[in-house]
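K.L.:
Just so it is clear, I am handing over input.cif, which has mmCIF, C-alpha atoms and all ligand atoms.
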```cif
data_protein
#
loop_
_atom_site.group_PDB
_atom_site.id
_atom_site.type_symbol
_atom_site.label_atom_id
_atom_site.label_comp_id
_atom_site.auth_asym_id
_atom_site.auth_seq_id
_atom_site.Cartn_x
_atom_site.Cartn_y
_atom_site.Cartn_z
ATOM 1 C CA MET A 1011 0.000 0.000 0.000
ATOM 2 C CA ALA A 1012 1.299 3.473 -0.843
ATOM 3 C CA LEU A 1013 2.309 5.763 2.010
ATOM 4 C CA PHE A 1014 2.771 9.327 0.751
ATOM 5 C CA GLY A 1015 4.391 7.797 -2.316
ATOM 6 C CA LYS A 1016 6.687 5.571 -0.219
ATOM 7 C CA LYS A 1017 6.269 1.877 0.338
ATOM 8 C CA GLU A 1018 5.117 0.670 3.728
ATOM 9 C CA THR A 1019 7.683 -1.227 5.767
ATOM 10 C CA ALA A 1020 6.942 -4.915 5.349
ATOM 11 C CA ILE A 1021 6.400 -7.047 8.432
ATOM 12 C CA ASP A 1022 6.124 -10.808 8.663
ATOM 13 C CA MET A 1023 2.644 -11.408 10.049
ATOM 14 C CA THR A 1024 3.577 -14.965 11.074
ATOM 15 C CA ARG A 1025 6.372 -13.773 13.402
ATOM 16 C CA LEU A 1026 4.788 -10.881 15.267
ATOM 17 C CA PRO A 1027 5.938 -10.084 18.788
ATOM 18 C CA ARG A 1028 3.423 -11.490 21.232
ATOM 19 C CA HIS A 1029 3.933 -8.600 23.648
ATOM 20 C CA ILE A 1030 4.952 -5.027 22.771
ATOM 21 C CA ALA A 1031 5.739 -2.495 25.500
ATOM 22 C CA ILE A 1032 6.032 1.239 24.852
ATOM 23 C CA ILE A 1033 7.584 4.085 26.858
ATOM 24 C CA MET A 1034 5.346 6.875 25.547
ATOM 25 C CA ASP A 1035 7.940 9.661 25.709
ATOM 26 C CA GLY A 1036 8.491 13.018 24.012
ATOM 27 C CA ASN A 1037 5.102 14.664 24.554
ATOM 28 C CA GLY A 1038 6.579 17.770 26.191
ATOM 29 C CA ARG A 1039 9.261 18.293 23.537
ATOM 30 C CA TRP A 1040 6.692 17.767 20.786
ATOM 31 C CA ALA A 1041 4.563 20.556 22.294
ATOM 32 C CA LYS A 1042 7.550 22.864 22.845
ATOM 33 C CA ALA A 1043 8.677 22.470 19.226
ATOM 34 C CA LYS A 1044 5.235 23.618 18.155
ATOM 35 C CA GLY A 1045 5.124 26.524 20.610
ATOM 36 C CA LEU A 1046 2.312 24.832 22.553
ATOM 37 C CA PRO A 1047 1.962 24.263 26.315
ATOM 38 C CA ARG A 1048 3.173 20.820 27.510
ATOM 39 C CA PRO A 1049 -0.368 19.517 28.245
ATOM 40 C CA ALA A 1050 -1.125 19.886 24.515
ATOM 41 C CA GLY A 1051 1.644 17.325 23.975
ATOM 42 C CA HIS A 1052 0.068 14.968 26.475
ATOM 43 C CA ALA A 1053 -3.314 15.356 24.758
ATOM 44 C CA ALA A 1054 -1.734 14.564 21.380
ATOM 45 C CA GLY A 1055 0.065 11.616 22.991
ATOM 46 C CA ALA A 1056 -3.261 10.242 24.207
ATOM 47 C CA GLU A 1057 -4.537 10.305 20.618
ATOM 48 C CA THR A 1058 -1.445 8.392 19.532
ATOM 49 C CA PHE A 1059 -2.168 5.796 22.193
ATOM 50 C CA ARG A 1060 -5.610 5.321 20.705
ATOM 51 C CA THR A 1061 -4.227 4.912 17.165
ATOM 52 C CA ILE A 1062 -1.412 2.563 18.108
ATOM 53 C CA ALA A 1063 -3.500 0.427 20.463
ATOM 54 C CA THR A 1064 -6.115 0.008 17.728
ATOM 55 C CA TYR A 1065 -3.447 -0.883 15.181
ATOM 56 C CA CYS A 1066 -1.869 -3.447 17.529
ATOM 57 C CA ARG A 1067 -5.263 -5.082 17.953
ATOM 58 C CA GLU A 1068 -5.889 -5.071 14.210
ATOM 59 C CA VAL A 1069 -2.584 -6.748 13.350
ATOM 60 C CA GLY A 1070 -2.986 -9.278 16.141
ATOM 61 C CA ILE A 1071 -0.579 -8.230 18.897
ATOM 62 C CA LYS A 1072 -1.847 -10.113 21.927
ATOM 63 C CA TYR A 1073 -0.381 -7.889 24.665
ATOM 64 C CA LEU A 1074 0.403 -4.173 24.636
ATOM 65 C CA THR A 1075 1.869 -2.462 27.705
ATOM 66 C CA VAL A 1076 2.198 1.310 27.817
ATOM 67 C CA TYR A 1077 4.049 3.505 30.300
ATOM 68 C CA ALA A 1078 1.715 6.411 31.022
ATOM 69 C CA PHE A 1079 2.959 7.830 34.349
ATOM 70 C CA SER A 1080 5.951 6.755 36.407
ATOM 71 C CA THR A 1081 6.528 6.768 40.166
ATOM 72 C CA GLU A 1082 9.100 9.513 39.424
ATOM 73 C CA ASN A 1083 6.730 11.691 37.380
ATOM 74 C CA TRP A 1084 5.264 13.112 40.642
ATOM 75 C CA LYS A 1085 8.434 15.267 40.731
ATOM 76 C CA ARG A 1086 6.959 17.434 37.979
ATOM 77 C CA PRO A 1087 5.263 20.760 38.783
ATOM 78 C CA LEU A 1088 1.813 20.294 40.288
ATOM 79 C CA GLU A 1089 0.133 22.010 37.324
ATOM 80 C CA GLU A 1090 1.663 19.508 34.922
ATOM 81 C CA VAL A 1091 0.742 16.518 37.096
ATOM 82 C CA SER A 1092 -2.840 17.810 37.426
ATOM 83 C CA ALA A 1093 -3.057 18.399 33.694
ATOM 84 C CA ILE A 1094 -1.795 14.865 33.016
ATOM 85 C CA MET A 1095 -4.300 13.353 35.458
ATOM 86 C CA GLY A 1096 -7.159 15.321 33.902
ATOM 87 C CA LEU A 1097 -6.155 14.308 30.394
ATOM 88 C CA LEU A 1098 -5.639 10.710 31.430
ATOM 89 C CA LYS A 1099 -9.193 10.627 32.695
ATOM 90 C CA LYS A 1100 -10.643 12.224 29.595
ATOM 91 C CA TYR A 1101 -8.669 10.711 26.736
ATOM 92 C CA LEU A 1102 -7.732 7.390 28.228
ATOM 93 C CA MET A 1103 -11.288 6.626 29.189
ATOM 94 C CA GLU A 1104 -12.606 7.676 25.778
ATOM 95 C CA ALA A 1105 -10.076 5.330 24.184
ATOM 96 C CA ILE A 1106 -11.027 2.617 26.621
ATOM 97 C CA ALA A 1107 -14.734 3.040 25.876
ATOM 98 C CA ASP A 1108 -13.935 2.605 22.174
ATOM 99 C CA MET A 1109 -11.832 -0.410 22.762
ATOM 100 C CA GLU A 1110 -14.220 -2.019 25.181
ATOM 101 C CA LYS A 1111 -16.531 -2.438 22.207
ATOM 102 C CA GLU A 1112 -13.709 -4.436 20.663
ATOM 103 C CA LYS A 1113 -13.518 -6.641 23.758
ATOM 104 C CA VAL A 1114 -10.084 -5.535 24.867
ATOM 105 C CA ARG A 1115 -8.977 -6.448 28.352
ATOM 106 C CA PHE A 1116 -7.463 -3.572 30.352
ATOM 107 C CA VAL A 1117 -5.129 -4.096 33.271
ATOM 108 C CA PHE A 1118 -3.470 -1.306 35.248
ATOM 109 C CA PHE A 1119 0.077 -1.831 36.568
ATOM 110 C CA GLY A 1120 0.994 0.446 39.459
ATOM 111 C CA ASP A 1121 -0.371 1.636 42.775
ATOM 112 C CA LEU A 1122 -3.551 3.513 41.919
ATOM 113 C CA SER A 1123 -4.209 4.686 45.490
ATOM 114 C CA PRO A 1124 -2.529 8.125 45.181
ATOM 115 C CA LEU A 1125 -4.459 8.960 41.999
ATOM 116 C CA PRO A 1126 -7.412 11.357 42.037
ATOM 117 C CA GLU A 1127 -10.459 9.435 43.297
ATOM 118 C CA GLU A 1128 -12.465 9.701 40.072
ATOM 119 C CA LEU A 1129 -9.592 8.508 37.880
ATOM 120 C CA ARG A 1130 -8.827 5.640 40.227
ATOM 121 C CA THR A 1131 -12.451 4.468 40.244
ATOM 122 C CA LEU A 1132 -12.606 4.619 36.443
ATOM 123 C CA CYS A 1133 -9.443 2.529 36.192
ATOM 124 C CA GLU A 1134 -10.691 -0.044 38.692
ATOM 125 C CA GLU A 1135 -14.105 -0.313 37.033
ATOM 126 C CA THR A 1136 -12.589 -0.646 33.571
ATOM 127 C CA GLN A 1137 -10.245 -3.367 34.760
ATOM 128 C CA ALA A 1138 -13.053 -5.267 36.479
ATOM 129 C CA ARG A 1139 -15.486 -4.873 33.552
ATOM 130 C CA SER A 1140 -12.994 -5.965 30.909
ATOM 131 C CA ALA A 1141 -11.617 -8.908 32.904
ATOM 132 C CA ARG A 1142 -13.837 -11.290 30.938
ATOM 133 C CA TYR A 1143 -12.194 -10.388 27.611
ATOM 134 C CA GLY A 1144 -9.043 -12.106 26.455
ATOM 135 C CA GLN A 1145 -8.337 -11.665 22.741
ATOM 136 C CA CYS A 1146 -6.128 -8.648 23.283
ATOM 137 C CA GLN A 1147 -4.820 -7.194 26.539
ATOM 138 C CA VAL A 1148 -3.683 -3.621 27.104
ATOM 139 C CA ASN A 1149 -1.709 -2.982 30.279
ATOM 140 C CA ILE A 1150 -1.517 0.648 31.343
ATOM 141 C CA CYS A 1151 1.339 1.544 33.689
ATOM 142 C CA LEU A 1152 0.079 4.338 35.936
ATOM 143 C CA ASN A 1153 2.122 5.423 38.932
ATOM 144 C CA TYR A 1154 4.311 2.523 37.923
ATOM 145 C CA GLY A 1155 7.973 1.985 38.719
ATOM 146 C CA GLY A 1156 9.978 -1.175 38.098
ATOM 147 C CA ARG A 1157 11.788 -0.887 41.427
ATOM 148 C CA ASP A 1158 8.564 -0.154 43.300
ATOM 149 C CA GLU A 1159 7.037 -3.260 41.705
ATOM 150 C CA LEU A 1160 9.983 -5.425 42.840
ATOM 151 C CA VAL A 1161 9.925 -4.056 46.393
ATOM 152 C CA ARG A 1162 6.164 -4.618 46.646
ATOM 153 C CA ALA A 1163 6.581 -8.187 45.373
ATOM 154 C CA ALA A 1164 9.334 -8.869 47.916
ATOM 155 C CA LYS A 1165 7.158 -7.447 50.713
ATOM 156 C CA ALA A 1166 4.133 -9.469 49.658
ATOM 157 C CA PHE A 1167 6.172 -12.667 49.514
ATOM 158 C CA ALA A 1168 7.724 -11.951 52.921
ATOM 159 C CA ALA A 1169 4.231 -11.316 54.351
ATOM 160 C CA ASP A 1170 3.018 -14.664 52.922
ATOM 161 C CA CYS A 1171 6.003 -16.367 54.564
ATOM 162 C CA ALA A 1172 5.294 -14.629 57.895
ATOM 163 C CA ARG A 1173 1.736 -15.941 57.910
ATOM 164 C CA GLY A 1174 2.819 -19.454 56.929
ATOM 165 C CA LYS A 1175 1.346 -19.418 53.411
ATOM 166 C CA ARG A 1176 4.784 -19.712 51.781
ATOM 167 C CA ARG A 1177 8.260 -20.871 52.742
ATOM 168 C CA PRO A 1178 11.395 -18.873 51.730
ATOM 169 C CA GLU A 1179 12.939 -21.975 50.085
ATOM 170 C CA GLU A 1180 9.979 -22.149 47.702
ATOM 171 C CA LEU A 1181 10.875 -18.882 46.009
ATOM 172 C CA SER A 1182 11.689 -19.304 42.323
ATOM 173 C CA GLU A 1183 11.685 -16.915 39.375
ATOM 174 C CA THR A 1184 8.236 -18.182 38.391
ATOM 175 C CA LEU A 1185 6.832 -17.788 41.887
ATOM 176 C CA PHE A 1186 8.385 -14.327 42.250
ATOM 177 C CA SER A 1187 6.818 -13.278 38.918
ATOM 178 C CA SER A 1188 3.406 -14.164 40.307
ATOM 179 C CA TYR A 1189 3.797 -11.328 42.849
ATOM 180 C CA LEU A 1190 4.359 -8.678 40.167
ATOM 181 C CA TRP A 1191 1.680 -6.421 38.645
ATOM 182 C CA SER A 1192 2.354 -8.300 35.409
ATOM 183 C CA HIS A 1193 1.467 -11.735 36.793
ATOM 184 C CA GLY A 1194 0.093 -13.994 34.074
ATOM 185 C CA VAL A 1195 1.415 -11.764 31.252
ATOM 186 C CA PRO A 1196 4.298 -13.108 29.137
ATOM 187 C CA ASP A 1197 7.475 -10.990 29.145
ATOM 188 C CA PRO A 1198 7.637 -8.226 26.513
ATOM 189 C CA ASP A 1199 9.356 -9.274 23.290
ATOM 190 C CA LEU A 1200 9.832 -5.721 22.068
ATOM 191 C CA VAL A 1201 10.210 -2.514 24.096
ATOM 192 C CA ILE A 1202 9.842 0.677 22.062
ATOM 193 C CA ARG A 1203 10.965 4.113 23.269
ATOM 194 C CA PRO A 1204 10.110 7.109 21.097
ATOM 195 C CA GLY A 1205 11.319 10.594 22.050
ATOM 196 C CA GLY A 1206 15.045 10.145 21.431
ATOM 197 C CA GLU A 1207 16.177 9.054 24.918
ATOM 198 C CA GLU A 1208 17.946 5.715 25.119
ATOM 199 C CA ARG A 1209 17.210 4.617 28.660
ATOM 200 C CA ILE A 1210 14.750 2.440 30.489
ATOM 201 C CA SER A 1211 13.527 4.975 33.106
ATOM 202 C CA ASN A 1212 12.385 2.319 35.602
ATOM 203 C CA PHE A 1213 10.115 0.468 33.150
ATOM 204 C CA LEU A 1214 9.505 -3.306 33.418
ATOM 205 C CA LEU A 1215 12.919 -3.992 34.956
ATOM 206 C CA TRP A 1216 12.251 -7.648 35.703
ATOM 207 C CA GLN A 1217 10.104 -8.428 32.676
ATOM 208 C CA SER A 1218 12.379 -6.972 30.002
ATOM 209 C CA ALA A 1219 15.412 -9.131 30.869
ATOM 210 C CA TYR A 1220 15.451 -10.495 27.308
ATOM 211 C CA ALA A 1221 13.350 -7.937 25.465
ATOM 212 C CA GLU A 1222 14.555 -6.429 22.204
ATOM 213 C CA TYR A 1223 14.816 -2.627 22.436
ATOM 214 C CA TYR A 1224 13.906 -0.169 19.722
ATOM 215 C CA PHE A 1225 14.671 3.523 20.120
ATOM 216 C CA THR A 1226 13.532 6.268 17.780
ATOM 217 C CA ASP A 1227 13.852 10.053 17.742
ATOM 218 C CA VAL A 1228 10.206 10.400 16.692
ATOM 219 C CA ASN A 1229 8.268 11.956 19.572
ATOM 220 C CA TRP A 1230 5.313 9.923 20.808
ATOM 221 C CA PRO A 1231 2.605 12.293 19.442
ATOM 222 C CA ASP A 1232 4.126 11.837 15.945
ATOM 223 C CA PHE A 1233 4.537 8.068 16.280
ATOM 224 C CA GLY A 1234 2.321 6.375 13.720
ATOM 225 C CA ARG A 1235 1.496 3.015 12.225
ATOM 226 C CA GLU A 1236 4.548 3.154 9.946
ATOM 227 C CA ASP A 1237 6.826 3.791 12.960
ATOM 228 C CA LEU A 1238 5.346 0.752 14.646
ATOM 229 C CA ARG A 1239 5.923 -1.326 11.515
ATOM 230 C CA LYS A 1240 9.569 -0.143 11.454
ATOM 231 C CA ALA A 1241 9.975 -1.215 15.076
ATOM 232 C CA ILE A 1242 8.420 -4.623 14.373
ATOM 233 C CA ALA A 1243 10.604 -5.074 11.262
ATOM 234 C CA ALA A 1244 13.725 -4.225 13.328
ATOM 235 C CA TYR A 1245 12.612 -6.740 15.947
ATOM 236 C CA GLN A 1246 12.124 -9.380 13.262
ATOM 237 C CA SER A 1247 15.641 -8.780 11.922
ATOM 238 C CA ARG A 1248 17.260 -9.581 15.289
ATOM 239 C CA GLY A 1249 18.624 -12.949 16.354
ATOM 240 C CA ARG A 1250 17.257 -13.729 19.818
ATOM 241 C CA ARG A 1251 19.496 -16.198 21.612
ATOM 242 C CA PHE A 1252 18.416 -15.969 25.261
ATOM 243 C CA GLY A 1253 21.970 -16.853 26.250
ATOM 244 C CA GLY A 1254 22.177 -19.797 23.875
ATOM 245 C CA ILE A 1255 23.991 -19.885 20.542
HETATM 246 C C1 LIG U 1301 5.972 11.431 28.358
HETATM 247 O O1 LIG U 1301 6.300 12.646 27.775
HETATM 248 C C2 LIG U 1301 4.703 11.502 29.170
HETATM 249 C C3 LIG U 1301 4.914 11.394 30.624
HETATM 250 C C4 LIG U 1301 6.041 11.156 31.233
HETATM 251 C C5 LIG U 1301 3.733 11.570 31.455
HETATM 252 P P1 LIG U 1301 7.156 13.719 28.563
HETATM 253 O O2 LIG U 1301 6.238 14.622 29.299
HETATM 254 O O3 LIG U 1301 8.208 13.080 29.373
HETATM 255 O O4 LIG U 1301 7.790 14.500 27.343
HETATM 256 P P2 LIG U 1301 9.269 15.062 27.268
HETATM 257 O O5 LIG U 1301 10.206 13.908 27.539
HETATM 258 O O6 LIG U 1301 9.375 16.131 28.296
HETATM 259 O O7 LIG U 1301 9.394 15.575 25.872
HETATM 260 C C1 LIG U 1302 9.320 7.804 31.217
HETATM 261 O O1 LIG U 1302 9.512 9.054 30.666
HETATM 262 C C2 LIG U 1302 7.953 7.702 31.827
HETATM 263 C C3 LIG U 1302 6.818 7.738 30.904
HETATM 264 C C4 LIG U 1302 6.885 7.834 29.614
HETATM 265 C C5 LIG U 1302 5.535 7.624 31.519
HETATM 266 P P1 LIG U 1302 10.228 10.239 31.471
HETATM 267 O O2 LIG U 1302 10.179 11.409 30.581
HETATM 268 O O3 LIG U 1302 9.627 10.367 32.813
HETATM 269 O O4 LIG U 1302 11.694 9.673 31.626
HETATM 270 P P2 LIG U 1302 13.070 10.459 31.889
HETATM 271 O O5 LIG U 1302 12.844 11.401 33.018
HETATM 272 O O6 LIG U 1302 13.409 11.173 30.636
HETATM 273 O O7 LIG U 1302 14.054 9.378 32.195
HETATM 274 MG MG MG U 1303 10.108 12.493 28.973
#
```
Represent the supplied structure as structure tokens.
P.N.:
Amino acid sequence: MALFGKKETAIDMTRLPRHIAIIMDGNGRWAKAKGLPRPAGHAAGAETFRTIATYCREVGIKYLTVYAFSTENWKRPLEEVSAIMGLLKKYLMEAIADMEKEKVRFVFFGDLSPLPEELRTLCEETQARSARYGQCQVNICLNYGGRDELVRAAKAFAADCARGKRRPEELSETLFSSYLWSHGVPDPDLVIRPGGEERISNFLLWQSAYAEYYFTDVNWPDFGREDLRKAIAAYQSRGRRFGGI
């Protein structure tokens, strides 16, 4: 299919990543470059989420995990945090309403308790309501941090040991994984970071042990279907060895 006169990047539909994770970065710089306030970048980023999540479902990606707000993002000025929370409620929930029609399962990774009451309730209700769907799962990382997730898992396991439900010797990688927000979700095959930074910023530290990374300078609000195809094509060109030969 033609794409502004250029050919679309070809992807092998028989070797798609089962799980794609995205660090949705570059909203602020996108807005700044356009002379707009930062929240306008977050609003545009929410639209991109809608487009990319829909495209992932259409091509048959089983799991999509997006990083929406980190445990460190509370360091931002209050006005920006409030704007993000407001936009999250508005745009995220509109996108979710759309996708609920498509029977998408939504799971939130992160401690929702410090979020504004209304947003938290919406997230909890959406997760509960969509729990019966299974074709495609979208995990939204909200107030998520990889280290926070690991500490919480360690605490929960220790608490189970203290009340006699578990024994320390039982702990294995599989059992430990069951204490993470991501329990039951296969590890990401491909982690994409738009926005030009080449770092992990506390995202899925345990789960991405053997993920393939794809970095691009394209800011998240400009990230489109063709950028996703490029990322998938790059992933498909890699030799994954998992420590073997
Ligand atoms: C990512 O975009 C969205 C959040 C972290 C909430 P940024 O807001 O980090 O955008 P940049 O990195 O400043 O451009
Ligand atoms: C990572 O982006 C978090 C999200 C995209 C939600 P940041 O913009 O917070 O990461 P740093 O500060 O550049 O590492
Ligand atoms: Mg950023």
K.L.:
Within 10 Å of Tyr1220 in chain A, counting all atoms listed in the file, which residues qualify if same-chain residues fewer than 3 places away don't, as a PyMOL selection string?
P.N.:
chain A and resi 1197-1200+1216-1217+1223+1250-1253
K.L.:
Enumerate as a count of residues only the residues within 9 Å of ligand MG 1303 (chain U), counting all atoms listed in the file.
P.N.:
8
K.L.:
Report as a ChimeraX atom specification all protein, DNA and RNA residues lying within 8 Å of Gly1155 in chain A, evaluated on all atoms listed in the file, omitting residues in the same chain fewer than 3 positions from it.
P.N.:
/A:1080-1082,1120,1158-1159,1212-1214
K.L.:
Which residues are near Ala1141 in chain A? Cut-off 8 Å, only C-alpha atoms, ignore same chain within fewer than 4 positions. Put them as a PyMOL selection string.
P.N.:
chain A and resi 1115-1116+1137
K.L.:
Since I can't run it myself right now, could you work out what the PyMOL selection byres (((chain A and resi 1065) around 12) and not hetatm) selects here and report it as a PDB file with C-alpha atoms, in the frame of the given file?
P.N.:
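What landed in result21.pdb:
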```
ATOM      1  CA  THR A1058      -1.445   8.392  19.532  1.00  0.00           C
ATOM      2  CA  PHE A1059      -2.168   5.796  22.193  1.00  0.00           C
ATOM      3  CA  ARG A1060      -5.610   5.321  20.705  1.00  0.00           C
ATOM      4  CA  THR A1061      -4.227   4.912  17.165  1.00  0.00           C
ATOM      5  CA  ILE A1062      -1.412   2.563  18.108  1.00  0.00           C
ATOM      6  CA  ALA A1063      -3.500   0.427  20.463  1.00  0.00           C
ATOM      7  CA  THR A1064      -6.115   0.008  17.728  1.00  0.00           C
ATOM      8  CA  CYS A1066      -1.869  -3.447  17.529  1.00  0.00           C
ATOM      9  CA  ARG A1067      -5.263  -5.082  17.953  1.00  0.00           C
ATOM     10  CA  GLU A1068      -5.889  -5.071  14.210  1.00  0.00           C
ATOM     11  CA  VAL A1069      -2.584  -6.748  13.350  1.00  0.00           C
ATOM     12  CA  GLY A1070      -2.986  -9.278  16.141  1.00  0.00           C
ATOM     13  CA  ILE A1071      -0.579  -8.230  18.897  1.00  0.00           C
ATOM     14  CA  LYS A1072      -1.847 -10.113  21.927  1.00  0.00           C
ATOM     15  CA  LEU A1074       0.403  -4.173  24.636  1.00  0.00           C
ATOM     16  CA  MET A1109     -11.832  -0.410  22.762  1.00  0.00           C
ATOM     17  CA  CYS A1146      -6.128  -8.648  23.283  1.00  0.00           C
ATOM     18  CA  GLY A1234       2.321   6.375  13.720  1.00  0.00           C
ATOM     19  CA  ARG A1235       1.496   3.015  12.225  1.00  0.00           C
ATOM     20  CA  GLU A1236       4.548   3.154   9.946  1.00  0.00           C
ATOM     21  CA  ASP A1237       6.826   3.791  12.960  1.00  0.00           C
ATOM     22  CA  LEU A1238       5.346   0.752  14.646  1.00  0.00           C
ATOM     23  CA  ARG A1239       5.923  -1.326  11.515  1.00  0.00           C
TER      24      ARG A1239
END
```
K.L.:
Please identify the residues whose atoms come within 10 Å of ligand LIG 1301 (chain U), using all atoms listed in the file, and report them as a PDB file with C-alpha atoms, in the frame of the given file.
P.N.:
```pdb
ATOM      1  CA  ILE A1033       7.584   4.085  26.858  1.00  0.00           C
ATOM      2  CA  MET A1034       5.346   6.875  25.547  1.00  0.00           C
ATOM      3  CA  ASP A1035       7.940   9.661  25.709  1.00  0.00           C
ATOM      4  CA  GLY A1036       8.491  13.018  24.012  1.00  0.00           C
ATOM      5  CA  ASN A1037       5.102  14.664  24.554  1.00  0.00           C
ATOM      6  CA  GLY A1038       6.579  17.770  26.191  1.00  0.00           C
ATOM      7  CA  ARG A1039       9.261  18.293  23.537  1.00  0.00           C
ATOM      8  CA  TRP A1040       6.692  17.767  20.786  1.00  0.00           C
ATOM      9  CA  ALA A1041       4.563  20.556  22.294  1.00  0.00           C
ATOM     10  CA  LYS A1042       7.550  22.864  22.845  1.00  0.00           C
ATOM     11  CA  ALA A1043       8.677  22.470  19.226  1.00  0.00           C
ATOM     12  CA  ARG A1048       3.173  20.820  27.510  1.00  0.00           C
ATOM     13  CA  PRO A1049      -0.368  19.517  28.245  1.00  0.00           C
ATOM     14  CA  GLY A1051       1.644  17.325  23.975  1.00  0.00           C
ATOM     15  CA  HIS A1052       0.068  14.968  26.475  1.00  0.00           C
ATOM     16  CA  ALA A1053      -3.314  15.356  24.758  1.00  0.00           C
ATOM     17  CA  GLY A1055       0.065  11.616  22.991  1.00  0.00           C
ATOM     18  CA  ALA A1056      -3.261  10.242  24.207  1.00  0.00           C
ATOM     19  CA  TYR A1077       4.049   3.505  30.300  1.00  0.00           C
ATOM     20  CA  ALA A1078       1.715   6.411  31.022  1.00  0.00           C
ATOM     21  CA  PHE A1079       2.959   7.830  34.349  1.00  0.00           C
ATOM     22  CA  SER A1080       5.951   6.755  36.407  1.00  0.00           C
ATOM     23  CA  THR A1081       6.528   6.768  40.166  1.00  0.00           C
ATOM     24  CA  GLU A1082       9.100   9.513  39.424  1.00  0.00           C
ATOM     25  CA  ASN A1083       6.730  11.691  37.380  1.00  0.00           C
ATOM     26  CA  TRP A1084       5.264  13.112  40.642  1.00  0.00           C
ATOM     27  CA  ARG A1086       6.959  17.434  37.979  1.00  0.00           C
ATOM     28  CA  GLU A1090       1.663  19.508  34.922  1.00  0.00           C
ATOM     29  CA  VAL A1091       0.742  16.518  37.096  1.00  0.00           C
ATOM     30  CA  ALA A1093      -3.057  18.399  33.694  1.00  0.00           C
ATOM     31  CA  ILE A1094      -1.795  14.865  33.016  1.00  0.00           C
ATOM     32  CA  MET A1095      -4.300  13.353  35.458  1.00  0.00           C
ATOM     33  CA  LEU A1098      -5.639  10.710  31.430  1.00  0.00           C
ATOM     34  CA  LEU A1152       0.079   4.338  35.936  1.00  0.00           C
ATOM     35  CA  ASN A1153       2.122   5.423  38.932  1.00  0.00           C
ATOM     36  CA  PRO A1204      10.110   7.109  21.097  1.00  0.00           C
ATOM     37  CA  GLY A1205      11.319  10.594  22.050  1.00  0.00           C
ATOM     38  CA  GLY A1206      15.045  10.145  21.431  1.00  0.00           C
ATOM     39  CA  GLU A1207      16.177   9.054  24.918  1.00  0.00           C
ATOM     40  CA  SER A1211      13.527   4.975  33.106  1.00  0.00           C
ATOM     41  CA  ASN A1229       8.268  11.956  19.572  1.00  0.00           C
ATOM     42  CA  TRP A1230       5.313   9.923  20.808  1.00  0.00           C
ATOM     43  CA  PRO A1231       2.605  12.293  19.442  1.00  0.00           C
TER      44      PRO A1231
END
```
K.L.:
Find the residue from A:Glu1183, A:Glu1208, A:Glu1104, A:Glu1110 that sits nearest to ligand LIG 1302 (chain U); use all atoms listed in the file when measuring.
P.N.:
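Using all atoms listed in the file, ligand LIG 1302 (chain U) sits closest to A:Glu1208.
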